[in-house]
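Peer 1: Pasting in a structure now, in structure tokens, and then I'll have a few things to ask.
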Amino acid sequence: MTTVLVTGGAGFIGSNYVRHLLETEPGAKVVVIDKLTYAGNLANLRDLPSGQAGRLSFHKVDVADAPAVAEVFSRFQPRSVVHFAAESHVDRSIHEPQVFLKTNVVGTQVLLDACRESWKVSDGWQEGTVFLQVSTDEVYGTLGPEGRFTEDTPLAPRSPYSASKAAADMLVMAYHNTYGLPVAVTRCSNNYGPYQFPEKLIPLMIRNALNHEPLPVYGDGRQVRDWLHVEDHCRALELVRRRARPGSVYNIGGGTEMENIELVKLLVAKLREVVADTAVDEGLIRHVTDRPGHDRRYAIDASRIGDELGWRPQVAFADGLERTIRWYIEHTDWLESIISGEYMDFYEKNYRDLAPGRAG
Ligand SMILES: NC(=O)c1ccc[n+]([C@@H]2O[C@H](COP(=O)([O-])OP(=O)(O)OC[C@H]3O[C@@H](n4cnc5c(N)ncnc54)[C@H](O)[C@@H]3O)[C@@H](O)[C@H]2O)c1
């Protein structure tokens with residue numbers, strides 16, 4: 001049995017990946033480490049089928065805590081590390097950049113050192129070991145109306161979040177170039193799907209619209225993002241974990257480019273239809289002061305992972321969006337239970353102008 005260490009496995013993408021791995025790899029044991037910040041929740045890993053739950057173990061560990069990480073490596077001897085743990089919200093990085101550097105950069109270095117220590121053999125590295133850095137298209141910066149990011153696009157991050165992810169990506173590649181550590185880096189576009197923390201665009205809009213609360217859209221809402229269903233991302237990560245060339249970088253994207261305002265309008269229309277509630281209406285949309293340094297457009301060229309590993313997105317956006325809406329409607333308990341006091345403070349501070357009259 002192979003043991004896969006998943007960092008940040010109680011977060012949005014990490015928990016979806018853990019489910020995917022347990023389901024598709026009956027021979028895998030999964031060890032999750034997570035600090036359980038406001039964004040991590042054990043409820044995301046609940047209700048696993050009984051045959052799968054026994055192959056999962058969870059440990060509350062900060063990835064920047066070197067002795068605790070070393071202890072996990074010595075106890076479980078993982079052969080793959082899939083590294084999701086990160087501070088991931090751009091708005092929070094504008095308010096608290098130091099937390100991002102500690103987790104995203106120092107945490108990555110601690111894990112890389114643990115891999116070096118644990119995987120080294122006299123003539124190289126233990127067979128089948130890989131460190132997979134789960135990164136973002138935001139490290140490439142912003143695009144004009146034309147063009148797409150390829151893996152050769154120079155890194156030009158513009159927010160403290162993306163700068164910390166770019167720094168971590170560079171460290172990962174440096175460990176490959178300097179020590180030969182078997183690594184891979186993936187850079188994915190915006191994900192959507194179940195278990196996403198409700199400060200991110202799609203769950204935030206669903207929750208607010210269901211409660212007839214304002215739908216805050218930054219600036220003119222014409223920022224373009226490329227959307228990918230989280231299941232497609234997980235399938236891509238598994239291919240990379242199992243088959244990537246050491247030292248390779250893969251872009252992952254859905255080829256679904258859309259302006260934020262267009263997405264919010266689509267979502268409102270679909271939600272209104274699903275819940276048959278005419279109060280769910282575009283009139284709830286409020287344009288709010290734009291985020292400082294807001295990137296205008298991201299678009300991904302994902303041809304390398306298609307050509308080399310045969311990956312293609314399988315979830316059509318319209319289907320994925322409807323499924324996602326239905327999931328949040330069926331899981332309003334989950335949605336409300338994970339909204340911590342800290343999150344509400346953050347929400348009030350950033351969308352203060354929208355707060356009056358908002359319930360809950
Ligand atoms: N969400 C997206 O659209 C997207 C797109 C591309 C790449 N990514 C990358 O994927 C990864 C996961 O993103 P997500 O959206 O699931 O994030 P998330 O914020 O939902 O989850 C992050 C998880 O990491 C944990 N964590 C935070 N700091 C930690 C620490 N110091 N030690 C251990 N655990 C810690 C949190 O508790 C949480 O469970 C991130 O690295 C992010 O950069 C996200």
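Each chain in the structure tokens gets a letter, A, B, ..., in the order shown, and its residues are numbered from 1; ligands are numbered from 1 in order too.
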Would you list the contacts of range 154-168 of chain A as a ChimeraX atom specification, taking every protein, DNA or RNA residue within 8 Å and counting only C-alpha atoms, but skipping same-chain residues closer than 6 positions in sequence?
Peer 2: /A:87-90,93-94,97,100-101,104-105,108-109,135-136,138-142,293,295
Peer 1: Compile the contact shell of Arg291 in chain A as a list of chain:residue names: residues with an atom at most 9 Å away, counting only C-alpha atoms, same-chain residues fewer than 6 positions apart removed.
Peer 2: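 These residues fall inside the cut-off: A:Asp91, A:Tyr218, A:Gly219.
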Peer 1: Please check which protein, DNA or RNA residues sit within 7 Å of ligand 1, counting only C-alpha atoms and all ligand atoms, and write them as JSON, numbers by chain.
Peer 2: {"A": [7, 8, 9, 10, 11, 12, 13, 14, 33, 34, 35, 36, 37, 38, 39, 40, 41, 61, 62, 63, 64, 83, 84, 85, 86, 87, 88, 89, 103, 107, 134, 135, 136, 137, 165, 187, 188, 189, 190, 191, 192, 196, 197]}
Peer 1: Which of range 90-294 of chain A counts as strand (DSSP E or B) under DSSP, as a PyMOL selection string please?
Peer 2: chain A and resi 120-121+124-125+130-136+149+183-188+190-192+215-218+224-229+248-252+257-259+285-288
Peer 1: Please determine, counting only C-alpha atoms, which residue among A:Val230, A:Ile339, A:Val315, A:Val268 has the shortest atom-to-atom distance to Arg19 in chain A.
Peer 2: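 With only C-alpha atoms as the atom set, the closest residue is A:Val230.
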Peer 1: Could you tell me which of A:Asp232, A:Asp277, A:Glu23, A:Asp220 comes closest to Gly253 in chain A if we count only C-alpha atoms?
Peer 2: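 Answer, going by the shortest atom-to-atom distance: A:Asp232.
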Peer 1: According to DSSP computed on the backbone, where in range 38-203 of chain A is there alpha helix (DSSP H)? Give the residues as an mmCIF file with N, CA and C atoms, in the first residue's frame.
Peer 2:
data_model
loop_
_atom_site.group_PDB
_atom_site.id
_atom_site.type_symbol
_atom_site.label_atom_id
_atom_site.label_comp_id
_atom_site.auth_asym_id
_atom_site.auth_seq_id
_atom_site.Cartn_x
_atom_site.Cartn_y
_atom_site.Cartn_z
ATOM 1 N N SER A 50 -17.659 3.577 4.299
ATOM 2 C CA SER A 50 -16.938 2.913 5.396
ATOM 3 C C SER A 50 -15.644 2.249 4.910
ATOM 4 N N GLY A 51 -15.648 1.683 3.726
ATOM 5 C CA GLY A 51 -14.439 1.023 3.211
ATOM 6 C C GLY A 51 -13.305 2.011 2.982
ATOM 7 N N GLN A 52 -13.645 3.288 2.877
ATOM 8 C CA GLN A 52 -12.606 4.285 2.583
ATOM 9 C C GLN A 52 -12.105 4.979 3.845
ATOM 10 N N ALA A 53 -13.016 5.183 4.802
ATOM 11 C CA ALA A 53 -12.652 5.965 5.993
ATOM 12 C C ALA A 53 -11.474 5.329 6.730
ATOM 13 N N ALA A 66 8.387 22.527 11.738
ATOM 14 C CA ALA A 66 9.306 21.491 11.231
ATOM 15 C C ALA A 66 9.325 20.224 12.103
ATOM 16 N N PRO A 67 9.420 20.325 13.433
ATOM 17 C CA PRO A 67 9.442 19.078 14.220
ATOM 18 C C PRO A 67 8.154 18.265 14.044
ATOM 19 N N ALA A 68 7.003 18.944 13.990
ATOM 20 C CA ALA A 68 5.737 18.200 13.835
ATOM 21 C C ALA A 68 5.678 17.527 12.458
ATOM 22 N N VAL A 69 6.170 18.205 11.434
ATOM 23 C CA VAL A 69 6.163 17.624 10.084
ATOM 24 C C VAL A 69 7.133 16.428 10.035
ATOM 25 N N ALA A 70 8.301 16.591 10.674
ATOM 26 C CA ALA A 70 9.285 15.487 10.694
ATOM 27 C C ALA A 70 8.693 14.254 11.376
ATOM 28 N N GLU A 71 7.935 14.492 12.416
ATOM 29 C CA GLU A 71 7.291 13.401 13.161
ATOM 30 C C GLU A 71 6.301 12.645 12.253
ATOM 31 N N VAL A 72 5.545 13.402 11.469
ATOM 32 C CA VAL A 72 4.579 12.774 10.552
ATOM 33 C C VAL A 72 5.327 11.921 9.520
ATOM 34 N N PHE A 73 6.428 12.438 8.993
ATOM 35 C CA PHE A 73 7.200 11.670 7.998
ATOM 36 C C PHE A 73 7.770 10.401 8.628
ATOM 37 N N SER A 74 8.292 10.531 9.843
ATOM 38 C CA SER A 74 8.916 9.341 10.422
ATOM 39 C C SER A 74 7.863 8.294 10.775
ATOM 40 N N ARG A 75 6.678 8.745 11.162
ATOM 41 C CA ARG A 75 5.637 7.788 11.558
ATOM 42 C C ARG A 75 4.983 7.110 10.346
ATOM 43 N N PHE A 76 4.723 7.875 9.284
ATOM 44 C CA PHE A 76 3.912 7.318 8.182
ATOM 45 C C PHE A 76 4.701 7.008 6.904
ATOM 46 N N VAL A 90 -7.056 36.089 -1.690
ATOM 47 C CA VAL A 90 -6.315 37.302 -2.057
ATOM 48 C C VAL A 90 -6.659 38.469 -1.127
ATOM 49 N N ASP A 91 -7.942 38.648 -0.817
ATOM 50 C CA ASP A 91 -8.319 39.777 0.053
ATOM 51 C C ASP A 91 -7.630 39.692 1.404
ATOM 52 N N ARG A 92 -7.579 38.492 1.956
ATOM 53 C CA ARG A 92 -6.914 38.332 3.255
ATOM 54 C C ARG A 92 -5.431 38.632 3.128
ATOM 55 N N SER A 93 -4.828 38.295 1.975
ATOM 56 C CA SER A 93 -3.383 38.536 1.814
ATOM 57 C C SER A 93 -3.076 40.025 1.776
ATOM 58 N N ILE A 94 -4.060 40.831 1.377
ATOM 59 C CA ILE A 94 -3.857 42.279 1.347
ATOM 60 C C ILE A 94 -3.851 42.818 2.790
ATOM 61 N N HIS A 95 -4.621 42.170 3.652
ATOM 62 C CA HIS A 95 -4.695 42.613 5.049
ATOM 63 C C HIS A 95 -3.582 42.024 5.918
ATOM 64 N N PRO A 97 -0.296 40.014 4.978
ATOM 65 C CA PRO A 97 0.654 39.284 4.108
ATOM 66 C C PRO A 97 1.580 38.341 4.866
ATOM 67 N N GLN A 98 1.943 38.685 6.114
ATOM 68 C CA GLN A 98 2.943 37.868 6.831
ATOM 69 C C GLN A 98 2.461 36.439 7.061
ATOM 70 N N VAL A 99 1.149 36.268 7.271
ATOM 71 C CA VAL A 99 0.613 34.913 7.480
ATOM 72 C C VAL A 99 0.804 34.091 6.200
ATOM 73 N N PHE A 100 0.683 34.766 5.062
ATOM 74 C CA PHE A 100 0.824 34.088 3.773
ATOM 75 C C PHE A 100 2.260 33.628 3.546
ATOM 76 N N GLY A 107 6.244 27.111 5.011
ATOM 77 C CA GLY A 107 5.609 25.790 5.088
ATOM 78 C C GLY A 107 6.071 24.887 3.954
ATOM 79 N N THR A 108 6.201 25.431 2.770
ATOM 80 C CA THR A 108 6.651 24.624 1.611
ATOM 81 C C THR A 108 8.104 24.191 1.802
ATOM 82 N N GLN A 109 8.929 25.110 2.288
ATOM 83 C CA GLN A 109 10.350 24.762 2.521
ATOM 84 C C GLN A 109 10.470 23.648 3.577
ATOM 85 N N VAL A 110 9.671 23.737 4.631
ATOM 86 C CA VAL A 110 9.711 22.709 5.685
ATOM 87 C C VAL A 110 9.359 21.342 5.089
ATOM 88 N N LEU A 111 8.330 21.309 4.264
ATOM 89 C CA LEU A 111 7.915 20.033 3.655
ATOM 90 C C LEU A 111 8.988 19.503 2.699
ATOM 91 N N LEU A 112 9.576 20.403 1.919
ATOM 92 C CA LEU A 112 10.624 19.969 0.982
ATOM 93 C C LEU A 112 11.805 19.364 1.745
ATOM 94 N N ASP A 113 12.164 20.002 2.860
ATOM 95 C CA ASP A 113 13.272 19.459 3.652
ATOM 96 C C ASP A 113 12.916 18.100 4.249
ATOM 97 N N ALA A 114 11.653 17.957 4.666
ATOM 98 C CA ALA A 114 11.235 16.660 5.213
ATOM 99 C C ALA A 114 11.310 15.586 4.124
ATOM 100 N N CYS A 115 10.946 15.931 2.901
ATOM 101 C CA CYS A 115 11.045 14.968 1.781
ATOM 102 C C CYS A 115 12.508 14.598 1.538
ATOM 103 N N ARG A 116 13.375 15.590 1.514
ATOM 104 C CA ARG A 116 14.816 15.315 1.294
ATOM 105 C C ARG A 116 15.335 14.346 2.330
ATOM 106 N N GLU A 117 14.990 14.650 3.569
ATOM 107 C CA GLU A 117 15.473 13.842 4.695
ATOM 108 C C GLU A 117 14.945 12.410 4.595
ATOM 109 N N SER A 118 13.677 12.280 4.240
ATOM 110 C CA SER A 118 13.012 10.985 4.314
ATOM 111 C C SER A 118 13.249 10.121 3.061
ATOM 112 N N TRP A 119 13.412 10.733 1.908
ATOM 113 C CA TRP A 119 13.423 9.982 0.638
ATOM 114 C C TRP A 119 14.824 9.681 0.104
ATOM 115 N N PRO A 160 0.002 39.832 -2.611
ATOM 116 C CA PRO A 160 0.808 39.074 -1.647
ATOM 117 C C PRO A 160 0.520 37.568 -1.722
ATOM 118 N N TYR A 161 -0.746 37.188 -1.974
ATOM 119 C CA TYR A 161 -1.064 35.762 -2.118
ATOM 120 C C TYR A 161 -0.284 35.145 -3.274
ATOM 121 N N SER A 162 -0.429 35.738 -4.471
ATOM 122 C CA SER A 162 0.214 35.108 -5.636
ATOM 123 C C SER A 162 1.730 35.193 -5.535
ATOM 124 N N ALA A 163 2.250 36.264 -4.893
ATOM 125 C CA ALA A 163 3.704 36.362 -4.713
ATOM 126 C C ALA A 163 4.199 35.235 -3.813
ATOM 127 N N SER A 164 3.424 34.909 -2.772
ATOM 128 C CA SER A 164 3.859 33.834 -1.868
ATOM 129 C C SER A 164 3.785 32.478 -2.574
ATOM 130 N N LYS A 165 2.785 32.295 -3.435
ATOM 131 C CA LYS A 165 2.694 31.029 -4.189
ATOM 132 C C LYS A 165 3.840 30.942 -5.211
ATOM 133 N N ALA A 166 4.151 32.063 -5.861
ATOM 134 C CA ALA A 166 5.250 32.054 -6.840
ATOM 135 C C ALA A 166 6.569 31.729 -6.145
ATOM 136 N N ALA A 167 6.771 32.319 -4.958
ATOM 137 C CA ALA A 167 8.002 32.043 -4.205
ATOM 138 C C ALA A 167 8.089 30.552 -3.874
ATOM 139 N N ALA A 168 6.956 29.985 -3.453
ATOM 140 C CA ALA A 168 6.941 28.558 -3.112
ATOM 141 C C ALA A 168 7.229 27.707 -4.362
ATOM 142 N N ASP A 169 6.619 28.061 -5.493
ATOM 143 C CA ASP A 169 6.871 27.310 -6.739
ATOM 144 C C ASP A 169 8.367 27.336 -7.076
ATOM 145 N N MET A 170 8.965 28.517 -6.909
ATOM 146 C CA MET A 170 10.392 28.650 -7.246
ATOM 147 C C MET A 170 11.254 27.805 -6.315
ATOM 148 N N LEU A 171 10.876 27.757 -5.039
ATOM 149 C CA LEU A 171 11.612 26.914 -4.088
ATOM 150 C C LEU A 171 11.525 25.443 -4.502
ATOM 151 N N VAL A 172 10.324 25.040 -4.892
ATOM 152 C CA VAL A 172 10.121 23.638 -5.295
ATOM 153 C C VAL A 172 11.039 23.307 -6.476
ATOM 154 N N MET A 173 11.066 24.193 -7.470
ATOM 155 C CA MET A 173 11.922 23.934 -8.634
ATOM 156 C C MET A 173 13.399 24.015 -8.240
ATOM 157 N N ALA A 174 13.722 24.903 -7.290
ATOM 158 C CA ALA A 174 15.115 25.011 -6.824
ATOM 159 C C ALA A 174 15.556 23.711 -6.150
ATOM 160 N N TYR A 175 14.665 23.069 -5.404
ATOM 161 C CA TYR A 175 15.014 21.795 -4.754
ATOM 162 C C TYR A 175 15.205 20.699 -5.805
ATOM 163 N N HIS A 176 14.488 20.814 -6.895
ATOM 164 C CA HIS A 176 14.706 19.847 -7.980
ATOM 165 C C HIS A 176 16.066 20.106 -8.636
ATOM 166 N N ASN A 177 16.314 21.373 -8.968
ATOM 167 C CA ASN A 177 17.560 21.694 -9.687
ATOM 168 C C ASN A 177 18.796 21.503 -8.811
ATOM 169 N N THR A 178 18.671 21.828 -7.515
ATOM 170 C CA THR A 178 19.832 21.764 -6.632
ATOM 171 C C THR A 178 20.088 20.351 -6.120
ATOM 172 N N TYR A 179 19.032 19.704 -5.665
ATOM 173 C CA TYR A 179 19.219 18.392 -5.010
ATOM 174 C C TYR A 179 18.715 17.233 -5.868
ATOM 175 N N LEU A 201 -16.057 33.519 -4.566
ATOM 176 C CA LEU A 201 -17.142 34.104 -5.367
ATOM 177 C C LEU A 201 -18.415 33.240 -5.479
ATOM 178 N N ILE A 202 -18.276 32.008 -5.938
ATOM 179 C CA ILE A 202 -19.491 31.233 -6.239
ATOM 180 C C ILE A 202 -20.290 30.878 -4.977
ATOM 181 N N PRO A 203 -19.676 30.284 -3.930
ATOM 182 C CA PRO A 203 -20.499 30.009 -2.737
ATOM 183 C C PRO A 203 -21.012 31.271 -2.048
#
Peer 1: When you look at Ile252 in chain A with a cut-off of 8 Å (counting only C-alpha atoms), what residues show up, excluding the ones that are within fewer than 5 positions of it in the same chain? I need them as a PyMOL selection string.
Peer 2: chain A and resi 186-189+233+236+300-302+305
Peer 1: Could you check which of A:Leu204, A:Thr2, A:Glu25, A:Arg225 is closest to Glu238 in chain A, using only C-alpha atoms?
Peer 2: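 The shortest atom-to-atom distance to Glu238 in chain A comes from A:Glu25.
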Peer 1: May I have the residues within 8 Å of Val31 in chain A as a count of residues only, using only C-alpha atoms and disregarding those fewer than 4 positions away in the same chain?
Peer 2: 9
Peer 1: Extract, using only C-alpha atoms, all DNA, RNA and protein residues at most 12 Å from Leu267 in chain A, discarding same-chain residues fewer than 2 positions from it, and format them as a PyMOL selection string.
Peer 2: chain A and resi 201-210+215+260-265+269-275+280-282+285+317-326
Peer 1: Take the residues from that selection and write them out as a short mmCIF file (atom, residue, chain, number, x, y, z; two decimals), in the first residue's frame, keeping C-alpha atoms.
Peer 2:
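Okay, this is what ended up in result.cif:
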data_model
loop_
_atom_site.label_atom_id
_atom_site.label_comp_id
_atom_site.auth_asym_id
_atom_site.auth_seq_id
_atom_site.Cartn_x
_atom_site.Cartn_y
_atom_site.Cartn_z
CA LEU A 201 -17.14 34.10 -5.37
CA ILE A 202 -19.49 31.23 -6.24
CA PRO A 203 -20.50 30.01 -2.74
CA LEU A 204 -20.68 33.62 -1.49
CA MET A 205 -23.11 34.54 -4.26
CA ILE A 206 -25.21 31.41 -3.74
CA ARG A 207 -25.47 31.99 0.00
CA ASN A 208 -26.28 35.69 -0.30
CA ALA A 209 -28.78 35.21 -3.11
CA LEU A 210 -30.58 32.45 -1.18
CA LEU A 215 -24.32 40.33 -4.17
CA ASN A 260 -17.24 37.90 -13.12
CA ILE A 261 -20.40 39.89 -13.76
CA GLU A 262 -21.48 37.44 -16.48
CA LEU A 263 -20.91 34.54 -14.08
CA VAL A 264 -22.92 36.20 -11.30
CA LYS A 265 -25.82 36.86 -13.69
CA ALA A 269 -30.68 33.00 -13.29
CA LYS A 270 -29.94 29.33 -12.59
CA LEU A 271 -30.52 29.69 -8.84
CA ARG A 272 -33.81 31.51 -9.39
CA GLU A 273 -34.93 28.64 -11.62
CA VAL A 274 -33.77 25.91 -9.21
CA VAL A 275 -35.36 27.42 -6.07
CA VAL A 280 -33.45 35.88 -6.35
CA ASP A 281 -32.83 38.60 -8.86
CA GLU A 282 -30.06 40.56 -10.62
CA ILE A 285 -26.08 42.86 -7.48
CA PHE A 317 -19.58 24.46 -17.10
CA ALA A 318 -23.40 24.65 -17.26
CA ASP A 319 -23.73 21.17 -15.70
CA GLY A 320 -21.04 21.82 -13.13
CA LEU A 321 -22.61 25.11 -12.09
CA GLU A 322 -26.06 23.59 -11.70
CA ARG A 323 -24.68 20.66 -9.69
CA THR A 324 -22.75 23.09 -7.49
CA ILE A 325 -25.83 25.23 -6.85
CA ARG A 326 -27.84 22.14 -5.92
#
